[in-house]
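Engineer: See protein-v6.txt below, with compact mmCIF, C-alpha atoms and all ligand atoms.
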```
# COMPACT_ATOMS: atom_id res chain seq x y z
CA MET A 26 8.34 -10.52 -12.81
CA THR A 27 5.48 -8.30 -11.84
CA THR A 28 4.21 -5.47 -13.98
CA SER A 29 6.88 -2.84 -13.56
CA SER A 30 4.78 0.31 -13.57
CA LEU A 31 1.24 1.50 -13.17
CA SER A 32 -0.53 4.80 -12.99
CA TYR A 33 -3.88 6.25 -12.07
CA ALA A 34 -5.37 9.71 -11.77
CA ILE A 35 -8.04 11.30 -9.63
CA ASP A 36 -10.30 14.24 -10.40
CA GLU A 37 -11.04 17.15 -8.07
CA ASP A 38 -13.43 14.97 -6.06
CA ASP A 39 -10.80 12.24 -5.57
CA HIS A 40 -12.58 9.88 -7.93
CA LEU A 41 -10.47 7.57 -10.04
CA VAL A 42 -10.71 8.85 -13.59
CA LYS A 43 -7.83 7.23 -15.41
CA LEU A 44 -6.32 3.81 -14.87
CA ASP A 45 -3.65 2.52 -17.18
CA GLU A 46 -3.10 -1.03 -18.37
CA GLY A 47 -0.42 -1.52 -15.68
CA TYR A 48 -3.01 -0.83 -12.98
CA TYR A 49 -5.30 -3.59 -14.22
CA ARG A 50 -2.45 -6.04 -14.75
CA PHE A 51 -1.04 -5.35 -11.30
CA ALA A 52 -4.50 -5.69 -9.74
CA GLU A 53 -4.96 -9.05 -11.41
CA GLU A 54 -1.53 -10.32 -10.39
CA ASN A 55 -2.17 -9.33 -6.78
CA GLY A 56 -5.74 -10.55 -6.48
CA TRP A 57 -7.17 -7.12 -5.70
CA ALA A 58 -10.88 -7.58 -5.46
CA GLU A 59 -13.15 -5.35 -7.56
CA ALA A 60 -10.33 -3.73 -9.51
CA GLY A 61 -12.42 -4.01 -12.66
CA SER A 62 -14.94 -1.56 -11.23
CA SER A 63 -12.42 0.99 -9.92
CA LEU A 64 -13.17 3.66 -12.52
CA GLY A 65 -15.32 6.42 -11.04
CA ARG A 66 -14.92 5.14 -7.49
CA SER A 67 -13.31 7.15 -4.70
CA LEU A 68 -9.58 6.61 -4.31
CA TRP A 69 -10.15 6.35 -0.57
CA ASP A 70 -12.20 3.17 -0.99
CA TYR A 71 -8.90 1.51 -1.88
CA VAL A 72 -6.73 2.80 0.96
CA ALA A 73 -6.90 0.48 3.96
CA GLY A 74 -7.12 2.00 7.42
CA HIS A 75 -8.23 5.32 8.79
CA GLU A 76 -4.73 6.54 9.64
CA LEU A 77 -3.27 5.92 6.18
CA ARG A 78 -6.29 7.56 4.54
CA LYS A 79 -5.79 10.62 6.74
CA LEU A 80 -2.06 10.91 5.94
CA GLN A 81 -2.57 10.37 2.23
CA ARG A 82 -5.38 12.94 2.12
CA LEU A 83 -3.04 15.49 3.70
CA LEU A 84 -0.36 14.63 1.17
CA VAL A 85 -2.72 14.97 -1.79
CA ARG A 86 -3.94 18.28 -0.42
CA ARG A 87 -0.38 19.62 -0.16
CA VAL A 88 0.48 18.44 -3.67
CA ARG A 89 -2.64 20.20 -5.02
CA ASP A 90 -2.20 23.42 -3.08
CA GLU A 91 1.40 23.82 -4.13
CA VAL A 92 0.86 22.34 -7.61
CA GLY A 93 3.93 20.31 -6.79
CA ASP A 94 5.02 16.73 -6.82
CA VAL A 95 6.48 14.22 -4.40
CA GLU A 96 8.19 10.87 -4.82
CA LEU A 97 8.18 8.31 -2.04
CA PRO A 98 9.29 4.73 -1.52
CA PHE A 99 6.70 2.18 -0.41
CA ARG A 100 6.27 -1.58 -0.20
CA CYS A 101 3.75 -3.66 -2.01
CA ASP A 102 4.48 -7.20 -0.88
CA ALA A 103 2.66 -10.38 -1.77
CA PRO A 104 2.89 -13.78 -0.03
CA LYS A 105 5.63 -14.95 -2.41
CA VAL A 106 7.45 -11.70 -3.15
CA ARG A 107 8.96 -8.73 -1.42
CA ARG A 108 8.46 -5.62 -3.54
CA GLU A 109 9.98 -2.19 -3.20
CA MET A 110 8.29 0.48 -5.22
CA ASN A 111 8.35 4.23 -5.71
CA ILE A 112 5.29 6.36 -6.12
CA ARG A 113 5.26 9.80 -7.71
CA ILE A 114 2.30 12.04 -6.99
CA VAL A 115 1.92 15.03 -9.30
CA ALA A 116 -0.64 17.84 -9.41
CA ARG A 117 -1.82 18.85 -12.83
CA PRO A 118 -1.48 22.62 -13.32
CA GLY A 119 -4.72 24.53 -13.72
CA GLY A 120 -6.92 21.84 -12.28
CA ARG A 121 -7.34 19.74 -9.22
CA ALA A 122 -6.51 16.47 -10.91
CA VAL A 123 -3.66 14.47 -9.43
CA LEU A 124 -1.64 11.77 -11.16
CA PHE A 125 -0.10 8.83 -9.30
CA SER A 126 2.61 6.77 -10.98
CA ALA A 127 4.17 3.83 -9.25
CA ARG A 128 7.14 1.88 -10.48
CA LEU A 129 8.86 -1.24 -9.27
CA ARG A 130 12.36 -0.77 -7.83
CA SER A 131 13.04 -4.33 -6.84
CA GLU A 132 11.28 -7.62 -6.49
CA LEU A 133 12.65 -10.57 -4.52
CA ALA A 134 11.11 -14.02 -4.30
CA ARG A 135 10.64 -15.23 -0.73
CA ASP A 136 12.13 -18.56 0.35
CA VAL A 137 8.86 -19.37 2.11
CA PRO A 138 5.49 -17.85 1.10
CA GLN A 139 4.01 -15.67 3.85
CA PRO A 140 0.28 -16.33 4.32
CA LEU A 141 0.01 -13.29 6.64
CA LEU A 142 0.12 -11.22 3.45
CA ASP A 143 -2.62 -13.25 1.80
CA PRO A 144 -5.93 -11.37 2.03
CA SER A 145 -7.89 -14.58 1.48
CA ALA A 146 -6.28 -16.56 4.35
CA PRO A 147 -8.65 -17.57 7.19
CA ARG A 148 -8.35 -15.29 10.22
CA ALA A 149 -9.39 -15.37 13.86
CA GLY A 150 -8.35 -13.97 17.22
CA ASP A 151 -6.69 -10.73 18.23
CA PRO A 152 -5.92 -8.28 15.44
CA LEU A 153 -2.32 -7.76 14.40
CA PRO A 154 -1.34 -4.18 13.43
CA MET A 155 0.12 -3.84 9.94
CA CYS A 156 1.57 -0.71 8.38
CA GLY A 157 -0.23 -0.06 5.10
CA TRP A 158 2.78 1.80 3.68
CA CYS A 159 5.81 -0.44 4.45
CA ASP A 160 3.95 -3.76 5.00
CA ARG A 161 5.62 -4.36 8.37
CA PHE A 162 3.85 -5.71 11.46
CA GLU A 163 3.84 -4.57 15.05
CA VAL A 164 4.78 -7.34 17.44
CA GLY A 165 5.43 -6.50 21.08
CA GLY A 166 5.81 -2.80 20.35
CA GLU A 167 8.31 -3.31 17.53
CA TRP A 168 7.71 -3.00 13.77
CA VAL A 169 9.17 -6.00 11.99
CA GLU A 170 9.20 -7.68 8.58
CA VAL A 171 6.61 -10.35 7.88
CA GLU A 172 9.04 -13.26 8.32
CA GLU A 173 10.03 -11.99 11.74
CA ALA A 174 6.42 -11.38 12.75
CA ALA A 175 5.46 -14.93 11.74
CA ARG A 176 8.44 -16.30 13.66
CA ARG A 177 7.76 -14.31 16.82
CA LEU A 178 4.07 -15.14 16.81
CA GLN A 179 4.78 -18.77 15.92
CA LEU A 180 2.21 -18.61 13.18
CA PHE A 181 3.37 -21.78 11.49
CA ASN A 182 2.01 -23.75 14.44
CA ARG A 183 -1.40 -22.15 14.32
CA PRO A 184 -4.44 -23.26 12.36
CA GLU A 185 -5.57 -19.67 11.80
CA LEU A 186 -3.88 -16.34 11.26
CA PRO A 187 -4.66 -13.19 13.20
CA PRO A 188 -6.86 -10.65 11.41
CA LEU A 189 -4.97 -7.52 10.33
CA SER A 190 -5.65 -4.06 11.65
CA HIS A 191 -4.40 -1.56 9.11
CA GLY A 192 -2.44 1.36 10.46
CA VAL A 193 0.75 3.28 9.81
CA CYS A 194 4.05 2.76 11.64
CA PRO A 195 5.81 5.82 13.13
CA GLU A 196 8.51 5.89 10.44
CA CYS A 197 6.02 5.90 7.58
CA SER A 198 3.88 8.44 9.38
CA GLU A 199 6.90 10.71 9.52
CA LEU A 200 7.80 10.02 5.89
CA LEU A 201 4.29 10.87 4.69
CA LEU A 202 4.01 14.00 6.81
CA ALA A 203 7.43 15.28 5.70
CA ALA A 204 6.87 14.62 1.99
ZN ZN A 301 5.53 1.66 7.85
```
If you convert what's in this file into C-alpha cells, what do you get?
Ligand SMILES: [Zn+2]
Structural biologist:
Amino acid sequence: MTTSSLSYAIDEDDHLVKLDEGYYRFAEENGWAEAGSSLGRSLWDYVAGHELRKLQRLLVRRVRDEVGDVELPFRCDAPKVRREMNIRIVARPGGRAVLFSARLRSELARDVPQPLLDPSAPRAGDPLPMCGWCDRFEVGGEWVEVEEAARRLQLFNRPELPPLSHGVCPECSELLLAA
C-alpha cells in the first residue's frame, strides 16, 4: 500500500515552503526525481505540460482570490498500480499561502505492469499525448486508459515506447475550470 496522504504548501510566490513526511515518502515510492530538493522551488517546476500549468495556475488564483477551497479527484498511476486520489486546495486566510492535501481513495494492482507509465523507460518516435490529471492517453482522437492505449498501439511488440507529450484531456480541462 502506498502512502495514503501527503501535503505541501506554497507561499505567495508559489514556492514550496512546507512538505510533509507523506510527500517525501510518496516521492520515493514513485521515483520522482529531485524530490529531496523540492523545498524552496517553484511548484510549477513539478507540473508537467504547459496546459496543466495554465489550468492549475488559474485554479490557485481563484482559491486565493476567494480565500476558498476546492476538492478534486485525480489519478496518480504507476506502472504497477492504478491510483485514485483526491486533492484539496485551501487558501490560508490573511495571506497568499495555499495548502494542498492529497489523499488516496483507492489503489488497485495491475495484472500487467504498464511501462508507458514508467518515466525511465526508453522512448523514441512520435509523441503520445497524455493527460497529466487523469493519466489517460489520446489514441486516434479518443482518451483511453493505459491498458487500452498499449493494446491499440501494440506497444508490447515494440522495442521502444513513444515519448509522452503532457497535456490535459477535455474532461479534465472542464473539471479544473469549473472547480
Ligand atoms: Zn484527463
Engineer: Using all atoms listed in the file, find the one residue out of A:Leu77, A:Ala134, A:Val164, A:Ile112 that sits nearest to ligand ZN 301 (chain A).
Structural biologist: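 Of A:Leu77, A:Ala134, A:Val164, A:Ile112, the one nearest ligand ZN 301 (chain A) is A:Leu77, counting all atoms listed in the file.
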Engineer: Which residues, written as a PyMOL selection string, have at least one atom at most 10 Å from Gly61 (chain A), with only C-alpha atoms counted and residues fewer than 2 positions away on the same chain left out?
Structural biologist: chain A and resi 48-49+52-53+57-59+63-64
Engineer: Which protein, DNA or RNA residues have an atom within 10 Å of ligand ZN 301 (chain A), counting only C-alpha atoms and all ligand atoms, as a ChimeraX atom specification?
Structural biologist: /A:77,99-100,155-163,168-169,192-201
Engineer: Go through A:Leu41, A:Ser145, A:Glu167, A:Gly93 and flag the residue nearest Ser62 (chain A), using all atoms listed in the file for the distances.
Structural biologist: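 Going through A:Leu41, A:Ser145, A:Glu167, A:Gly93 one by one, the smallest distance to Ser62 (chain A) is for A:Leu41.
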Engineer: For Arg113 (chain A), which of A:Arg87, A:Arg177, A:Arg128, A:Lys79 is the closest residue, counting all atoms listed in the file?
Structural biologist: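 Distance minimum relative to Arg113 (chain A) lands on A:Arg128.
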Engineer: Give the answer as one residue: which of A:Leu133, A:Leu153, A:Ala116, A:Leu141 has the shortest atom-to-atom distance to Glu37 (chain A), using all atoms listed in the file?
Structural biologist: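 Counting all atoms listed in the file, the residue closest to Glu37 (chain A) is A:Ala116.
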Engineer: Of the candidates A:Leu84, A:Ala122, A:Val171, A:Leu44, which shows the shortest atom-to-atom distance to Glu96 (chain A), using only C-alpha atoms?
Structural biologist: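 Distance minimum relative to Glu96 (chain A) lands on A:Leu84.
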Engineer: Which is closest to Phe51 (chain A) among A:Ala146, A:Ala103, A:Leu189, A:Leu31, if we use all atoms listed in the file?
Structural biologist: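 Between A:Ala146, A:Ala103, A:Leu189, A:Leu31, the residue approaching Phe51 (chain A) most closely is A:Leu31.
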Engineer: Skip Leu83 (chain A) itself and residues of its chain fewer than 5 positions away, then list as a ChimeraX atom specification all residues within 12 Å of it, counting only C-alpha atoms.
Structural biologist: /A:76-78,88-90,198,201-204
Engineer: Keeping only C-alpha atoms, take the residues you just selected and write them out as a PDB file, keeping the file's coordinate frame.
Structural biologist:
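See selection-v2.pdb below for the written result:
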```
ATOM      1  CA  GLU A  76      -4.730   6.540   9.640  1.00  0.00           C
ATOM      2  CA  LEU A  77      -3.270   5.920   6.180  1.00  0.00           C
ATOM      3  CA  ARG A  78      -6.290   7.560   4.540  1.00  0.00           C
ATOM      4  CA  VAL A  88       0.480  18.440  -3.670  1.00  0.00           C
ATOM      5  CA  ARG A  89      -2.640  20.200  -5.020  1.00  0.00           C
ATOM      6  CA  ASP A  90      -2.200  23.420  -3.080  1.00  0.00           C
ATOM      7  CA  SER A 198       3.880   8.440   9.380  1.00  0.00           C
ATOM      8  CA  LEU A 201       4.290  10.870   4.690  1.00  0.00           C
ATOM      9  CA  LEU A 202       4.010  14.000   6.810  1.00  0.00           C
ATOM     10  CA  ALA A 203       7.430  15.280   5.700  1.00  0.00           C
ATOM     11  CA  ALA A 204       6.870  14.620   1.990  1.00  0.00           C
TER      12      ALA A 204
END
```
